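What follows is a short report on a single structure.
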Amino acid sequence: MLLAQLRPAIVSFVLFTAITGVLYPLFVTGVAQSLFHKQAEGSLITKDGKVVGSSLIGQQFDAPQYFWGRISATSPAYNASSSSGSNLGPSNSALIDEVKGRIAALKAADPNNNLPIPVDLVTSSGSGLDPHISLAAAQYQLARVARVRGLTQGDVQQIIDQNTQGRFLGLLGEPVVNVLQLNLALDEYKK
């Protein structure tokens, strides 16, 4: 009697393990690879045949000739395997110190900039890996990047415009700029 009850349980376990643990993942991977190959491979960006990053994960930029992205909440910075926000509340002293440090770094890099500092330049995103900044954050950094690179602000504005992604479906969210793609476009710009 025990064997009569145990046999269906074992068969079900093996069958559902094969379906959900082997067949379904293979099917989903095959569909993703065939229909969304670039995304399935991580939306990698290459330069001169070498992978330089992903359009989905932010990178650390702190040199004055580059646009800076959002602060990473992961440790080490921009580590995709530990994606998370900081979970620090607005009155948390660690968050306040982090914001003050980033404001000081932005002011030191461009002491004559009197524009209001956009919030996305001093706080991390919910995932801690956001590759985008707002148009306001790009505009805040425009003069510094143009000056350090010896370009006109109009040249840099044109590069920002070419790398701006509009609202999702034309309705949702705000226009954003992918920092890695923007910085790569700056590196490739020829007057």
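We name chains A, B, ... following the order of the structure tokens; residues begin at 1 in each chain, and ligands are numbered from 1 as shown.
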Contacts of Pro118 in chain A within 7 Å, only C-alpha atoms, excl. fewer than 3 positions in-chain, as a PyMOL selection string: chain A and resi 121+136-137
Based on the selection just made, write N, CA and C atoms of those residues as an mmCIF file, in the first residue's frame.
```cif
data_model
loop_
_atom_site.group_PDB
_atom_site.id
_atom_site.type_symbol
_atom_site.label_atom_id
_atom_site.label_comp_id
_atom_site.auth_asym_id
_atom_site.auth_seq_id
_atom_site.Cartn_x
_atom_site.Cartn_y
_atom_site.Cartn_z
ATOM 1 N N LEU A 121 21.756 63.160 -9.233
ATOM 2 C CA LEU A 121 23.223 63.184 -9.165
ATOM 3 C C LEU A 121 23.735 62.979 -7.750
ATOM 4 N N ALA A 136 18.015 67.049 -16.798
ATOM 5 C CA ALA A 136 18.504 68.096 -15.895
ATOM 6 C C ALA A 136 19.905 67.765 -15.386
ATOM 7 N N ALA A 137 20.165 66.495 -15.092
ATOM 8 C CA ALA A 137 21.492 66.086 -14.629
ATOM 9 C C ALA A 137 22.525 66.230 -15.737
#
```
Give me every alpha helix (DSSP H) residue in range 3-169 of chain A, going by DSSP on the backbone, as a PyMOL selection string. chain A and resi 3-18+24-35+37-40+93-109+135-149+153-162
Let's have the selection written as a PDB file, in the first residue's frame, with C-alpha atoms.
```
ATOM      1  CA  LEU A   3       4.436   1.697  -2.563  1.00  0.00           C
ATOM      2  CA  ALA A   4       1.122   2.410  -4.301  1.00  0.00           C
ATOM      3  CA  GLN A   5       1.048   5.869  -2.692  1.00  0.00           C
ATOM      4  CA  LEU A   6       4.770   6.565  -3.056  1.00  0.00           C
ATOM      5  CA  ARG A   7       5.016   5.659  -6.745  1.00  0.00           C
ATOM      6  CA  PRO A   8       2.740   8.493  -8.060  1.00  0.00           C
ATOM      7  CA  ALA A   9       4.577  10.998  -5.844  1.00  0.00           C
ATOM      8  CA  ILE A  10       7.980   9.955  -7.211  1.00  0.00           C
ATOM      9  CA  VAL A  11       6.736   9.931 -10.828  1.00  0.00           C
ATOM     10  CA  SER A  12       5.154  13.375 -10.365  1.00  0.00           C
ATOM     11  CA  PHE A  13       8.347  14.703  -8.775  1.00  0.00           C
ATOM     12  CA  VAL A  14      10.543  13.442 -11.644  1.00  0.00           C
ATOM     13  CA  LEU A  15       8.064  14.586 -14.309  1.00  0.00           C
ATOM     14  CA  PHE A  16       7.625  18.116 -12.912  1.00  0.00           C
ATOM     15  CA  THR A  17      11.360  18.452 -12.255  1.00  0.00           C
ATOM     16  CA  ALA A  18      12.017  17.622 -15.912  1.00  0.00           C
ATOM     17  CA  TYR A  24      10.750  25.134 -19.585  1.00  0.00           C
ATOM     18  CA  PRO A  25      14.100  26.935 -18.985  1.00  0.00           C
ATOM     19  CA  LEU A  26      15.424  25.584 -22.304  1.00  0.00           C
ATOM     20  CA  PHE A  27      12.275  26.766 -24.090  1.00  0.00           C
ATOM     21  CA  VAL A  28      12.398  30.261 -22.541  1.00  0.00           C
ATOM     22  CA  THR A  29      16.128  30.580 -23.274  1.00  0.00           C
ATOM     23  CA  GLY A  30      15.577  29.500 -26.878  1.00  0.00           C
ATOM     24  CA  VAL A  31      12.765  32.023 -27.378  1.00  0.00           C
ATOM     25  CA  ALA A  32      14.814  34.801 -25.762  1.00  0.00           C
ATOM     26  CA  GLN A  33      17.903  34.012 -27.840  1.00  0.00           C
ATOM     27  CA  SER A  34      15.952  33.911 -31.089  1.00  0.00           C
ATOM     28  CA  LEU A  35      13.595  36.878 -30.579  1.00  0.00           C
ATOM     29  CA  HIS A  37      19.182  38.101 -28.747  1.00  0.00           C
ATOM     30  CA  LYS A  38      20.829  41.397 -27.718  1.00  0.00           C
ATOM     31  CA  GLN A  39      18.786  41.654 -24.517  1.00  0.00           C
ATOM     32  CA  ALA A  40      19.291  37.965 -23.668  1.00  0.00           C
ATOM     33  CA  SER A  93      22.899  60.375   8.798  1.00  0.00           C
ATOM     34  CA  ALA A  94      24.683  57.990   6.401  1.00  0.00           C
ATOM     35  CA  LEU A  95      22.454  59.139   3.519  1.00  0.00           C
ATOM     36  CA  ILE A  96      22.911  62.791   4.486  1.00  0.00           C
ATOM     37  CA  ASP A  97      26.708  62.341   4.566  1.00  0.00           C
ATOM     38  CA  GLU A  98      26.632  60.565   1.177  1.00  0.00           C
ATOM     39  CA  VAL A  99      24.593  63.377  -0.371  1.00  0.00           C
ATOM     40  CA  LYS A 100      26.866  66.053   1.139  1.00  0.00           C
ATOM     41  CA  GLY A 101      29.932  64.211  -0.206  1.00  0.00           C
ATOM     42  CA  ARG A 102      28.497  64.008  -3.693  1.00  0.00           C
ATOM     43  CA  ILE A 103      27.493  67.692  -3.627  1.00  0.00           C
ATOM     44  CA  ALA A 104      31.041  68.590  -2.565  1.00  0.00           C
ATOM     45  CA  ALA A 105      32.497  66.479  -5.413  1.00  0.00           C
ATOM     46  CA  LEU A 106      30.185  68.118  -7.972  1.00  0.00           C
ATOM     47  CA  LYS A 107      31.045  71.621  -6.671  1.00  0.00           C
ATOM     48  CA  ALA A 108      34.795  70.831  -6.671  1.00  0.00           C
ATOM     49  CA  ALA A 109      34.622  69.591 -10.271  1.00  0.00           C
ATOM     50  CA  LEU A 135      18.103  65.660 -18.800  1.00  0.00           C
ATOM     51  CA  ALA A 136      18.504  68.096 -15.895  1.00  0.00           C
ATOM     52  CA  ALA A 137      21.492  66.086 -14.629  1.00  0.00           C
ATOM     53  CA  ALA A 138      23.049  66.145 -18.098  1.00  0.00           C
ATOM     54  CA  GLN A 139      22.427  69.894 -18.411  1.00  0.00           C
ATOM     55  CA  TYR A 140      24.007  70.485 -14.996  1.00  0.00           C
ATOM     56  CA  GLN A 141      27.230  68.818 -16.181  1.00  0.00           C
ATOM     57  CA  LEU A 142      27.256  70.201 -19.742  1.00  0.00           C
ATOM     58  CA  ALA A 143      29.460  73.273 -19.112  1.00  0.00           C
ATOM     59  CA  ARG A 144      32.097  71.290 -17.188  1.00  0.00           C
ATOM     60  CA  VAL A 145      32.371  68.566 -19.823  1.00  0.00           C
ATOM     61  CA  ALA A 146      32.515  71.086 -22.684  1.00  0.00           C
ATOM     62  CA  ARG A 147      35.193  73.174 -20.934  1.00  0.00           C
ATOM     63  CA  VAL A 148      37.420  70.218 -20.012  1.00  0.00           C
ATOM     64  CA  ARG A 149      37.142  68.678 -23.495  1.00  0.00           C
ATOM     65  CA  GLN A 153      28.446  73.860 -25.194  1.00  0.00           C
ATOM     66  CA  GLY A 154      26.461  73.587 -28.423  1.00  0.00           C
ATOM     67  CA  ASP A 155      28.570  70.600 -29.533  1.00  0.00           C
ATOM     68  CA  VAL A 156      28.018  68.832 -26.214  1.00  0.00           C
ATOM     69  CA  GLN A 157      24.308  69.711 -26.242  1.00  0.00           C
ATOM     70  CA  GLN A 158      24.008  68.112 -29.680  1.00  0.00           C
ATOM     71  CA  ILE A 159      25.622  64.904 -28.347  1.00  0.00           C
ATOM     72  CA  ILE A 160      23.225  64.923 -25.375  1.00  0.00           C
ATOM     73  CA  ASP A 161      20.263  65.379 -27.732  1.00  0.00           C
ATOM     74  CA  GLN A 162      21.440  62.474 -29.925  1.00  0.00           C
TER      75      GLN A 162
END
```
As a check of understanding: the span from CA of Leu129 in chain A to CA of Gly69 in chain A is 9.6 Å
With only C-alpha atoms as the basis for distance, which of A:Leu151, A:Ile71, A:Leu2, A:Leu23 is at the shortest distance from Lys190 in chain A? A:Leu151
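Of the residues under consideration (A:Leu88, A:Leu171, A:Asn183, A:Leu56), A:Leu88 shows the shortest atom-to-atom contact distance to Ala73 in chain A when counting only C-alpha atoms.
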